[in-house]
Amino acid sequence: MKMYELILKNIAKHISLDEQEIACFTSFLKHRKISRKEFILKGEEICKYITFIHSGTVRAYYLDKAGKESTIMFAVADWWITDMFCFINQQPAMLTIEAVEESTIIQLSKDDLENLYIEVPKFERFFRIIFQNAYIREQLRVIQNLSLPAEERYHIFLTKYPQIVRQVTQKQIASYLGITPEFLSMIRANKHKK
C-alpha cells in the first residue's frame with residue numbers, strides 16, 4: 001500500500017474513503033516505471049488512460065505538421081495528466097505525453113474509471129473537481145498568453161512552477177510560453193542584468 005500513499009493523499013484533499021473504497025480504487029490502478037524520453041502516450045494512439053505522476057516529471061506537447069512541438073502542459077509528482085478530450089471520447093490522441101526524466105506513474109483506464117464511478121460514486125465528485133481545476137488553469141493560461149508580454153508570462157511561470165523549472169529544458173519552457181528559445185535567452189539575460 002506504500003506505493004499508493006501519494007495518490008491516496010491527493011484524493012483525500014477532496015473526498016474521504018473507507019478501507020473498502022480504497023481497496024476497490026487501488027484494484028483498478030496500474031503502476032509503471034518509465035524511462036526518460038519514454039512515451040506515456042503518442043499522438044494518434046487511442047488515449048486509454050488518465051495518469052497520476054507518483055515521481056518524476058512528464059510533459060504533454062502538440063506536434064504540428066511541420067514537426068514543431070508546442071508544450072501544452074507539464075506534470076510533476078502529485079499531479080494528473082492526460083489528453084482530456086481524447087481520453088473522454090476514446091479517440092486518437094492529439095497530444096504526445098513523454099517523460100522528461102525517469103518517472104513512476106499510476107494509471108487508470110477509461111473503462112476502469114467508469115466502473116469506479118459505479119462502485120464508489122464519490123469518485124465522480126473527485127474527478128469533477130480535478131477536471132474543473134484543470135479547465136480553470138488552462139483558461140487562465142490562455143488569457144495570460146493573449147494579454148501579457150512574454151517576459152511577464154515567464155516570471156509567472158517561474159513563480160508558479162519552481163519545481164518544474166528545475167526539471168525541464170529552456171527549450172521546453174520556451175515552447176510552453178509560445179516563444180523561441182532565443183527570445184527566452186534574451187529575457188533571462190535581461191533579468192540577470194537588473
# chains A, B, ... in the order shown; residues from 1 in each chain; ligands from 1
call {"tool": "residues_around", "arguments": {"residues": "stretch 90-105 of chain A", "least_positions_apart": "2", "cutoff": "6 Å", "atoms": "only C-alpha atoms", "output": "PyMOL selection string"}}
result
chain A and resi 31-47+52-62+86-88
call {"tool": "residues_around", "arguments": {"residues": "stretch 149-160 of chain A", "least_positions_apart": "2", "cutoff": "12 Å", "atoms": "only C-alpha atoms", "output": "NGL selection string"}}
result
:A and (73-74 or 137 or 140-147 or 162-166 or 168 or 170 or 173-181 or 183-191)
call {"tool": "atom_distance", "arguments": {"atom1": "atom CA of A:Ile106", "atom2": "atom CA of A:Met84"}}
result
16.4 Å
call {"tool": "select_by_dssp", "arguments": {"residues": "stretch 3-142 of chain A", "states": "helix (DSSP H, G or I)", "output": "count of residues only"}}
result
56
call {"tool": "atom_distance", "arguments": {"atom1": "atom CA of A:Lys30", "atom2": "atom CA of A:Glu119"}}
result
17.7 Å
call {"tool": "select_by_dssp", "arguments": {"residues": "stretch 51-176 of chain A", "states": "strand (DSSP E or B)", "output": "short mmCIF file (atom, residue, chain, number, x, y, z; two decimals) with N, CA and C atoms, in the first residue's frame"}}
result
data_model
loop_
_atom_site.label_atom_id
_atom_site.label_comp_id
_atom_site.auth_asym_id
_atom_site.auth_seq_id
_atom_site.Cartn_x
_atom_site.Cartn_y
_atom_site.Cartn_z
N THR A 51 -3.41 9.62 -16.07
CA THR A 51 -2.17 9.24 -15.41
C THR A 51 -1.88 10.15 -14.22
N PHE A 52 -1.53 9.53 -13.11
CA PHE A 52 -1.09 10.25 -11.90
C PHE A 52 0.42 10.12 -11.83
N ILE A 53 1.10 11.23 -11.62
CA ILE A 53 2.56 11.20 -11.52
C ILE A 53 2.94 10.94 -10.07
N HIS A 54 3.54 9.79 -9.82
CA HIS A 54 3.98 9.43 -8.47
C HIS A 54 5.34 10.06 -8.18
N SER A 55 6.23 10.00 -9.18
CA SER A 55 7.53 10.67 -9.06
C SER A 55 8.01 11.01 -10.47
N THR A 57 8.89 13.82 -13.76
CA THR A 57 8.29 14.92 -14.50
C THR A 57 7.96 14.43 -15.90
N VAL A 58 6.78 14.80 -16.38
CA VAL A 58 6.39 14.49 -17.75
C VAL A 58 5.87 15.76 -18.41
N ARG A 59 5.80 15.73 -19.73
CA ARG A 59 5.23 16.87 -20.44
C ARG A 59 4.34 16.36 -21.56
N ALA A 60 3.32 17.16 -21.85
CA ALA A 60 2.41 16.87 -22.97
C ALA A 60 2.65 17.95 -24.01
N TYR A 61 2.79 17.53 -25.27
CA TYR A 61 3.00 18.51 -26.32
C TYR A 61 2.23 18.13 -27.58
N TYR A 62 1.98 19.16 -28.38
CA TYR A 62 1.33 19.00 -29.67
C TYR A 62 2.41 19.12 -30.74
N LEU A 63 2.41 18.20 -31.67
CA LEU A 63 3.38 18.21 -32.77
C LEU A 63 2.64 18.58 -34.05
N GLU A 69 7.12 21.36 -32.03
CA GLU A 69 6.49 20.96 -30.77
C GLU A 69 6.00 22.19 -30.02
N SER A 70 4.77 22.11 -29.52
CA SER A 70 4.24 23.15 -28.63
C SER A 70 3.86 22.46 -27.33
N THR A 71 4.58 22.79 -26.26
CA THR A 71 4.30 22.17 -24.97
C THR A 71 2.98 22.72 -24.43
N ILE A 72 2.08 21.82 -24.11
CA ILE A 72 0.75 22.19 -23.62
C ILE A 72 0.74 22.21 -22.09
N MET A 73 1.41 21.22 -21.49
CA MET A 73 1.43 21.16 -20.02
C MET A 73 2.60 20.31 -19.55
N PHE A 74 2.98 20.55 -18.31
CA PHE A 74 3.93 19.72 -17.59
C PHE A 74 3.18 19.09 -16.43
N ALA A 75 3.72 17.99 -15.91
CA ALA A 75 3.15 17.39 -14.71
C ALA A 75 4.30 16.82 -13.88
N VAL A 76 4.25 17.08 -12.59
CA VAL A 76 5.25 16.59 -11.64
C VAL A 76 4.53 15.74 -10.59
N TRP A 80 -2.03 15.08 -12.02
CA TRP A 80 -2.68 14.21 -13.00
C TRP A 80 -2.44 14.77 -14.40
N ILE A 81 -2.41 13.89 -15.41
CA ILE A 81 -2.24 14.34 -16.79
C ILE A 81 -2.91 13.34 -17.74
N PRO A 92 -8.22 9.00 -31.05
CA PRO A 92 -6.76 9.13 -31.19
C PRO A 92 -6.27 10.44 -30.56
N THR A 96 1.11 14.26 -27.40
CA THR A 96 2.08 13.24 -27.04
C THR A 96 2.49 13.54 -25.61
N ILE A 97 2.53 12.50 -24.77
CA ILE A 97 2.94 12.68 -23.38
C ILE A 97 4.21 11.86 -23.18
N GLU A 98 5.28 12.55 -22.74
CA GLU A 98 6.60 11.95 -22.67
C GLU A 98 7.25 12.25 -21.32
N ALA A 99 8.01 11.30 -20.81
CA ALA A 99 8.75 11.51 -19.56
C ALA A 99 9.94 12.43 -19.81
N SER A 103 10.51 8.40 -14.35
CA SER A 103 9.30 8.70 -13.57
C SER A 103 8.58 7.41 -13.18
N THR A 104 7.78 7.53 -12.15
CA THR A 104 6.88 6.44 -11.76
C THR A 104 5.48 6.99 -11.89
N ILE A 105 4.63 6.24 -12.59
CA ILE A 105 3.27 6.71 -12.84
C ILE A 105 2.26 5.66 -12.39
N ILE A 106 1.05 6.13 -12.13
CA ILE A 106 -0.07 5.26 -11.80
C ILE A 106 -1.18 5.62 -12.78
N GLN A 107 -1.71 4.60 -13.46
CA GLN A 107 -2.70 4.86 -14.50
C GLN A 107 -4.04 4.22 -14.19
N LEU A 108 -5.09 4.89 -14.68
CA LEU A 108 -6.45 4.42 -14.55
C LEU A 108 -7.08 4.49 -15.93
N SER A 109 -7.57 3.35 -16.41
CA SER A 109 -8.14 3.32 -17.76
C SER A 109 -9.54 3.94 -17.75
#
call {"tool": "atom_distance", "arguments": {"atom1": "atom CA of A:Ile118", "atom2": "atom CA of A:Lys48"}}
result
18.6 Å
